[in-house]
2 protein chains.
Amino acid sequence: MKYIRRMESVFKIIAEPNRRAILGLLISSEQSVGEIERQLRMPQPAVSKHLRVLREAGFVESTVDAQRRLYRLKPEPLQEVDAWLAPFRRFWSDHVDALERYLDRMDQSTPTKGKTKRRRGPNRERDKGETK
Amino acid sequence: MKYIRRMESVFKIIAEPNRRAILGLLISSEQSVGEIERQLRMPQPAVSKHLRVLREAGFVESTVDAQRRLYRLKPEPLQEVDAWLAPFRRFWSDHVDALERYLDRMDQSTPTKGKTKRRRGPNRERDKGETK
DNA sequence: CCTTTATATGCCTTTACAAGCATATACTAT
DNA sequence: ATAGTATATGCTTGTAAAGGCATATAAAGG
């Protein structure tokens, strides 16, 4: 009688790269263990173990087809992640807007003495974080 | 000269509950270490360590204000998570649509012999995954 | 200078967990 | 019944990483 539901947070589950890979595979369609094994070039026990974790966390479900088991995605846990992300989404859209406005003002006030050309889009450089 | 960028996946970073809590705090506004410490009732070294991880992964940046350091969010890493999630989002909206259609057909064909009342919305029960 | 306040770091211990390999279970076909 | 195929489970081991506590660094204020 195991009453203790560990219910490992969905975040811990998707922290594992192979598990994310498996989930990725299942987007297109359900797959058997063997198919996953081959596509990801990963030992079969590993696949089974990861699938077990995913199953117990509700990320996937399986049906039996002769000797195979077909695994498919279940949406809920990832929706949970999506939900957690929501408030941040608001934050970063504000953030980008503010940046846009800021840069637009720069354009007006600065008479093109730019050392570097401005770039739009998500590919801004990533610094070390600390600003003195 | 450390050239080896470990760049621990953003997923591992947010797998830690305290780190998610810290990020949550920073949505509203920037906070000092001490403020985080008090609000989350967590030992100061722990806060500093988690902030270090978050900073090195680009989730936050800090500015110095006298003895304090003010930490604030940076959007990129969480946008990365959002991006990973995108294809799944498509999946589960399809999925819900299909379920809707299925249940609608059920309504027509079954002359209300239901043992359990049908429910809409996201609160469906979570089962063990295996379907025999 | 010395003290207080704010934050960072270092060390140690414990724990969780993934990899690897062997083996068990389950279903199929002959 | 036996062999073959597909998947799951058990056990061991290595390692990363979080918690706890002491201590180092840094700035401010008297």
# chains A, B, ... in the order shown; residues from 1 in each chain; ligands from 1
$ interface_residues --of "chain B" --to "chain A" --cutoff "9 Å" --atoms "only C-alpha atoms" --output "PyMOL selection string"
chain B and resi 9-17+23-24+27-28+55-64+73-76+78-79+81-82+85+87-89+91-93+95-96+122+126-132
$ write_last_selection --atoms "N, CA and C atoms" --output "compact mmCIF listing (two decimals), in the first residue's frame"
# COMPACT_ATOMS: atom_id res chain seq x y z
N SER B 9 20.84 23.29 -19.35
CA SER B 9 19.54 23.55 -19.98
C SER B 9 18.63 24.33 -19.05
N VAL B 10 17.93 25.27 -19.65
CA VAL B 10 16.98 26.07 -18.90
C VAL B 10 15.99 25.20 -18.12
N PHE B 11 15.75 24.02 -18.62
CA PHE B 11 14.78 23.15 -17.97
C PHE B 11 15.29 22.65 -16.62
N LYS B 12 16.58 22.34 -16.58
CA LYS B 12 17.15 21.92 -15.30
C LYS B 12 17.06 23.05 -14.30
N ILE B 13 17.29 24.25 -14.80
CA ILE B 13 17.28 25.40 -13.89
C ILE B 13 15.92 25.59 -13.24
N ILE B 14 14.88 25.54 -14.04
CA ILE B 14 13.56 25.79 -13.46
C ILE B 14 12.96 24.54 -12.83
N ALA B 15 13.71 23.46 -12.82
CA ALA B 15 13.22 22.26 -12.16
C ALA B 15 13.24 22.44 -10.65
N GLU B 16 14.03 23.37 -10.17
CA GLU B 16 14.16 23.57 -8.72
C GLU B 16 13.07 24.50 -8.22
N PRO B 17 12.26 24.02 -7.27
CA PRO B 17 11.09 24.78 -6.81
C PRO B 17 11.45 26.15 -6.24
N LEU B 23 11.86 33.34 -9.22
CA LEU B 23 11.44 33.92 -10.49
C LEU B 23 10.04 34.52 -10.36
N GLY B 24 9.18 33.80 -9.66
CA GLY B 24 7.83 34.29 -9.46
C GLY B 24 7.82 35.64 -8.75
N ILE B 27 8.61 38.72 -10.95
CA ILE B 27 7.69 39.17 -12.00
C ILE B 27 7.21 40.59 -11.72
N SER B 28 6.78 40.80 -10.49
CA SER B 28 6.19 42.10 -10.16
C SER B 28 7.23 43.21 -10.23
N ARG B 55 21.45 33.66 -12.49
CA ARG B 55 22.18 34.71 -13.18
C ARG B 55 23.05 34.12 -14.28
N GLU B 56 23.78 33.07 -13.94
CA GLU B 56 24.67 32.47 -14.92
C GLU B 56 23.91 31.84 -16.08
N ALA B 57 22.66 31.52 -15.84
CA ALA B 57 21.85 30.95 -16.92
C ALA B 57 21.07 32.03 -17.66
N GLY B 58 21.24 33.28 -17.24
CA GLY B 58 20.60 34.38 -17.95
C GLY B 58 19.16 34.66 -17.59
N PHE B 59 18.68 34.03 -16.53
CA PHE B 59 17.30 34.28 -16.10
C PHE B 59 17.15 35.62 -15.41
N VAL B 60 18.20 36.05 -14.75
CA VAL B 60 18.14 37.33 -14.03
C VAL B 60 19.43 38.10 -14.24
N GLU B 61 19.37 39.38 -13.93
CA GLU B 61 20.57 40.19 -13.89
C GLU B 61 20.48 41.04 -12.64
N SER B 62 21.62 41.62 -12.23
CA SER B 62 21.59 42.37 -10.99
C SER B 62 22.30 43.70 -11.15
N THR B 63 21.85 44.67 -10.37
CA THR B 63 22.57 45.93 -10.29
C THR B 63 22.90 46.18 -8.83
N VAL B 64 23.98 46.92 -8.61
CA VAL B 64 24.42 47.19 -7.25
C VAL B 64 23.76 48.46 -6.75
N LEU B 73 14.32 40.20 -13.65
CA LEU B 73 14.15 39.16 -14.67
C LEU B 73 14.77 39.54 -16.00
N LYS B 74 15.23 38.54 -16.70
CA LYS B 74 15.56 38.69 -18.12
C LYS B 74 14.70 37.68 -18.88
N PRO B 75 14.15 38.08 -19.99
CA PRO B 75 13.13 37.25 -20.63
C PRO B 75 13.65 36.04 -21.41
N GLU B 76 14.82 36.12 -21.96
CA GLU B 76 15.24 35.13 -22.95
C GLU B 76 15.07 33.66 -22.55
N LEU B 78 13.25 32.05 -20.45
CA LEU B 78 11.89 31.56 -20.36
C LEU B 78 11.21 31.57 -21.72
N GLN B 79 11.63 32.47 -22.56
CA GLN B 79 11.11 32.44 -23.93
C GLN B 79 11.54 31.15 -24.62
N VAL B 81 11.90 28.27 -23.16
CA VAL B 81 10.95 27.26 -22.70
C VAL B 81 9.66 27.38 -23.49
N ASP B 82 9.20 28.59 -23.62
CA ASP B 82 7.98 28.85 -24.36
C ASP B 82 8.08 28.31 -25.78
N LEU B 85 7.73 24.65 -25.98
CA LEU B 85 6.37 24.24 -25.71
C LEU B 85 5.46 24.39 -26.93
N PRO B 87 5.18 23.56 -30.19
CA PRO B 87 4.62 22.46 -30.97
C PRO B 87 3.61 21.63 -30.19
N PHE B 88 3.82 21.50 -28.90
CA PHE B 88 2.88 20.74 -28.08
C PHE B 88 1.56 21.46 -27.97
N ARG B 89 1.66 22.77 -27.91
CA ARG B 89 0.45 23.57 -27.82
C ARG B 89 -0.46 23.24 -28.99
N PHE B 91 -0.52 20.52 -30.58
CA PHE B 91 -1.04 19.17 -30.32
C PHE B 91 -2.27 19.20 -29.42
N TRP B 92 -2.15 19.88 -28.28
CA TRP B 92 -3.25 19.73 -27.34
C TRP B 92 -4.49 20.52 -27.73
N SER B 93 -4.34 21.54 -28.56
CA SER B 93 -5.56 22.19 -29.01
C SER B 93 -6.29 21.28 -29.98
N HIS B 95 -6.14 18.10 -29.86
CA HIS B 95 -6.62 17.03 -29.00
C HIS B 95 -7.94 17.39 -28.35
N VAL B 96 -8.01 18.57 -27.79
CA VAL B 96 -9.23 19.00 -27.13
C VAL B 96 -10.37 19.08 -28.13
N PRO B 122 -10.96 21.67 -17.88
CA PRO B 122 -9.66 21.02 -17.76
C PRO B 122 -9.54 20.06 -16.59
N ARG B 126 -6.95 12.19 -13.58
CA ARG B 126 -5.67 11.71 -14.08
C ARG B 126 -5.53 10.24 -13.72
N ASP B 127 -5.41 9.40 -14.74
CA ASP B 127 -5.35 7.97 -14.45
C ASP B 127 -3.91 7.46 -14.47
N LYS B 128 -3.78 6.17 -14.43
CA LYS B 128 -2.46 5.57 -14.33
C LYS B 128 -1.79 5.42 -15.69
N GLY B 129 -2.52 5.71 -16.75
CA GLY B 129 -1.90 5.72 -18.08
C GLY B 129 -2.12 4.47 -18.88
N GLU B 130 -2.07 3.33 -18.26
CA GLU B 130 -2.14 2.08 -19.00
C GLU B 130 -3.59 1.72 -19.30
N THR B 131 -3.85 1.51 -20.57
CA THR B 131 -5.20 1.14 -20.97
C THR B 131 -5.19 -0.28 -21.53
N LYS B 132 -5.95 -1.15 -20.97
CA LYS B 132 -5.90 -2.55 -21.40
C LYS B 132 -6.86 -2.82 -22.50
$ residues_around --residues "DA22 of chain D" --least-positions-apart "2" --cutoff "10 Å" --atoms "only C-alpha atoms (C1' of nucleotides)" --output "compact mmCIF listing (two decimals) with N, CA and C atoms (P, O5', C5', C4', C3', O3' and C1' of nucleotides), in the first residue's frame"
# COMPACT_ATOMS: atom_id res chain seq x y z
P DG C 10 34.58 30.13 -3.69
O5' DG C 10 34.96 29.17 -2.47
C5' DG C 10 35.20 29.74 -1.19
C4' DG C 10 35.35 28.65 -0.16
C3' DG C 10 35.54 27.24 -0.71
O3' DG C 10 36.46 26.55 0.13
C1' DG C 10 33.53 27.34 0.57
P DC C 11 36.95 25.08 -0.25
O5' DC C 11 36.14 24.19 0.80
C5' DC C 11 36.24 24.49 2.17
C4' DC C 11 35.33 23.58 2.97
C3' DC C 11 35.35 22.11 2.51
O3' DC C 11 35.36 21.29 3.66
C1' DC C 11 33.15 22.91 2.53
P DG D 20 18.14 23.26 5.21
O5' DG D 20 19.54 23.27 5.98
C5' DG D 20 20.17 22.03 6.29
C4' DG D 20 21.46 22.30 7.04
C3' DG D 20 21.46 23.59 7.86
O3' DG D 20 22.02 23.31 9.15
C1' DG D 20 23.26 23.60 6.32
P DA D 24 37.25 33.59 7.24
O5' DA D 24 37.24 34.29 5.81
C5' DA D 24 37.18 33.48 4.64
C4' DA D 24 36.58 34.29 3.50
C3' DA D 24 37.14 35.71 3.39
O3' DA D 24 37.42 36.01 2.04
C1' DA D 24 34.78 35.77 3.53
$ closest_atom_pairs --of "chain C" --to "segment 7-15 of chain D" --cutoff "9 Å" --atoms "only C-alpha atoms (C1' of nucleotides)" --output "JSON lines"
{"residue": "C:DA19", "atom": "C1'", "partner": "D:DG14", "partner_atom": "C1'", "distance": 8.9}
{"residue": "C:DA22", "atom": "C1'", "partner": "D:DG10", "partner_atom": "C1'", "distance": 8.8}
{"residue": "C:DT23", "atom": "C1'", "partner": "D:DG10", "partner_atom": "C1'", "distance": 8.0}
{"residue": "C:DA24", "atom": "C1'", "partner": "D:DT9", "partner_atom": "C1'", "distance": 7.1}
{"residue": "C:DT25", "atom": "C1'", "partner": "D:DA8", "partner_atom": "C1'", "distance": 7.3}
{"residue": "C:DA26", "atom": "C1'", "partner": "D:DT7", "partner_atom": "C1'", "distance": 8.2}
$ residues_around --residues "DA29 of chain C" --least-positions-apart "4" --cutoff "12 Å" --atoms "only C-alpha atoms (C1' of nucleotides)" --output "PyMOL selection string"
chain D and resi 2-5
$ write_last_selection --atoms "C-alpha atoms (C1' of nucleotides)" --output "mmCIF file, in the first residue's frame"
data_model
loop_
_atom_site.group_PDB
_atom_site.id
_atom_site.type_symbol
_atom_site.label_atom_id
_atom_site.label_comp_id
_atom_site.auth_asym_id
_atom_site.auth_seq_id
_atom_site.Cartn_x
_atom_site.Cartn_y
_atom_site.Cartn_z
ATOM 1 C "C1'" DT D 2 10.037 -24.043 -27.708
ATOM 2 C "C1'" DA D 3 12.000 -20.247 -29.717
ATOM 3 C "C1'" DG D 4 11.716 -15.535 -30.835
ATOM 4 C "C1'" DT D 5 10.352 -10.810 -30.210
#
$ interface_residues --of "chain A" --to "chain D" --cutoff "8 Å" --atoms "only C-alpha atoms (C1' of nucleotides)" --output "list in words"
Val33, Gly34, Pro45, Ser48, Gln67, Arg68 and Arg69 of chain A
$ atom_distance --atom1 "atom CA of Val53 of chain B" --atom2 "atom CA of Glu80 of chain B"
16.8 Å
$ interface_residues --of "chain C" --to "chain A" --cutoff "10 Å" --atoms "only C-alpha atoms (C1' of nucleotides)" --output "ChimeraX atom specification"
/C:18-21,26-28
$ write_last_selection --atoms "C-alpha atoms (C1' of nucleotides)" --output "short mmCIF file (atom, residue, chain, number, x, y, z; two decimals), in the first residue's frame"
data_model
loop_
_atom_site.label_atom_id
_atom_site.label_comp_id
_atom_site.auth_asym_id
_atom_site.auth_seq_id
_atom_site.Cartn_x
_atom_site.Cartn_y
_atom_site.Cartn_z
"C1'" DA C 18 20.40 8.33 -14.76
"C1'" DA C 19 23.34 4.89 -17.02
"C1'" DG C 20 24.54 0.19 -17.74
"C1'" DC C 21 23.81 -4.46 -17.77
"C1'" DA C 26 4.52 -11.19 -21.72
"C1'" DC C 27 2.82 -12.18 -26.11
"C1'" DT C 28 3.47 -14.59 -30.88
#
$ decode --residues "segment 33-47 of chain B" --atoms "N, CA and C atoms" --output "mmCIF file, in the first residue's frame"
data_model
loop_
_atom_site.group_PDB
_atom_site.id
_atom_site.type_symbol
_atom_site.label_atom_id
_atom_site.label_comp_id
_atom_site.auth_asym_id
_atom_site.auth_seq_id
_atom_site.Cartn_x
_atom_site.Cartn_y
_atom_site.Cartn_z
ATOM 1 N N VAL B 33 18.309 40.672 -2.436
ATOM 2 C CA VAL B 33 18.473 39.350 -1.848
ATOM 3 C C VAL B 33 17.715 39.236 -0.532
ATOM 4 N N GLY B 34 17.843 40.269 0.286
ATOM 5 C CA GLY B 34 17.190 40.254 1.594
ATOM 6 C C GLY B 34 15.676 40.176 1.484
ATOM 7 N N GLU B 35 15.125 40.886 0.525
ATOM 8 C CA GLU B 35 13.673 40.849 0.352
ATOM 9 C C GLU B 35 13.219 39.448 -0.051
ATOM 10 N N ILE B 36 13.955 38.867 -0.952
ATOM 11 C CA ILE B 36 13.628 37.496 -1.364
ATOM 12 C C ILE B 36 13.736 36.557 -0.178
ATOM 13 N N GLU B 37 14.826 36.702 0.540
ATOM 14 C CA GLU B 37 15.062 35.879 1.722
ATOM 15 C C GLU B 37 13.864 35.925 2.665
ATOM 16 N N ARG B 38 13.369 37.122 2.936
ATOM 17 C CA ARG B 38 12.271 37.252 3.887
ATOM 18 C C ARG B 38 10.972 36.708 3.318
ATOM 19 N N GLN B 39 10.665 37.079 2.091
ATOM 20 C CA GLN B 39 9.391 36.638 1.524
ATOM 21 C C GLN B 39 9.317 35.134 1.371
ATOM 22 N N LEU B 40 10.419 34.529 1.031
ATOM 23 C CA LEU B 40 10.386 33.081 0.831
ATOM 24 C C LEU B 40 10.801 32.315 2.078
ATOM 25 N N ARG B 41 11.175 33.025 3.137
ATOM 26 C CA ARG B 41 11.578 32.379 4.390
ATOM 27 C C ARG B 41 12.627 31.296 4.120
ATOM 28 N N MET B 42 13.667 31.724 3.476
ATOM 29 C CA MET B 42 14.701 30.772 3.074
ATOM 30 C C MET B 42 16.045 31.353 3.474
ATOM 31 N N PRO B 43 16.946 30.522 3.955
ATOM 32 C CA PRO B 43 18.251 31.019 4.405
ATOM 33 C C PRO B 43 18.964 31.831 3.336
ATOM 34 N N GLN B 44 19.643 32.861 3.761
ATOM 35 C CA GLN B 44 20.267 33.777 2.804
ATOM 36 C C GLN B 44 21.259 33.092 1.868
ATOM 37 N N PRO B 45 22.124 32.215 2.388
ATOM 38 C CA PRO B 45 23.049 31.573 1.440
ATOM 39 C C PRO B 45 22.321 30.804 0.339
ATOM 40 N N ALA B 46 21.239 30.202 0.708
ATOM 41 C CA ALA B 46 20.460 29.478 -0.295
ATOM 42 C C ALA B 46 19.985 30.433 -1.386
ATOM 43 N N VAL B 47 19.446 31.562 -0.971
ATOM 44 C CA VAL B 47 18.975 32.542 -1.942
ATOM 45 C C VAL B 47 20.110 32.961 -2.867
#
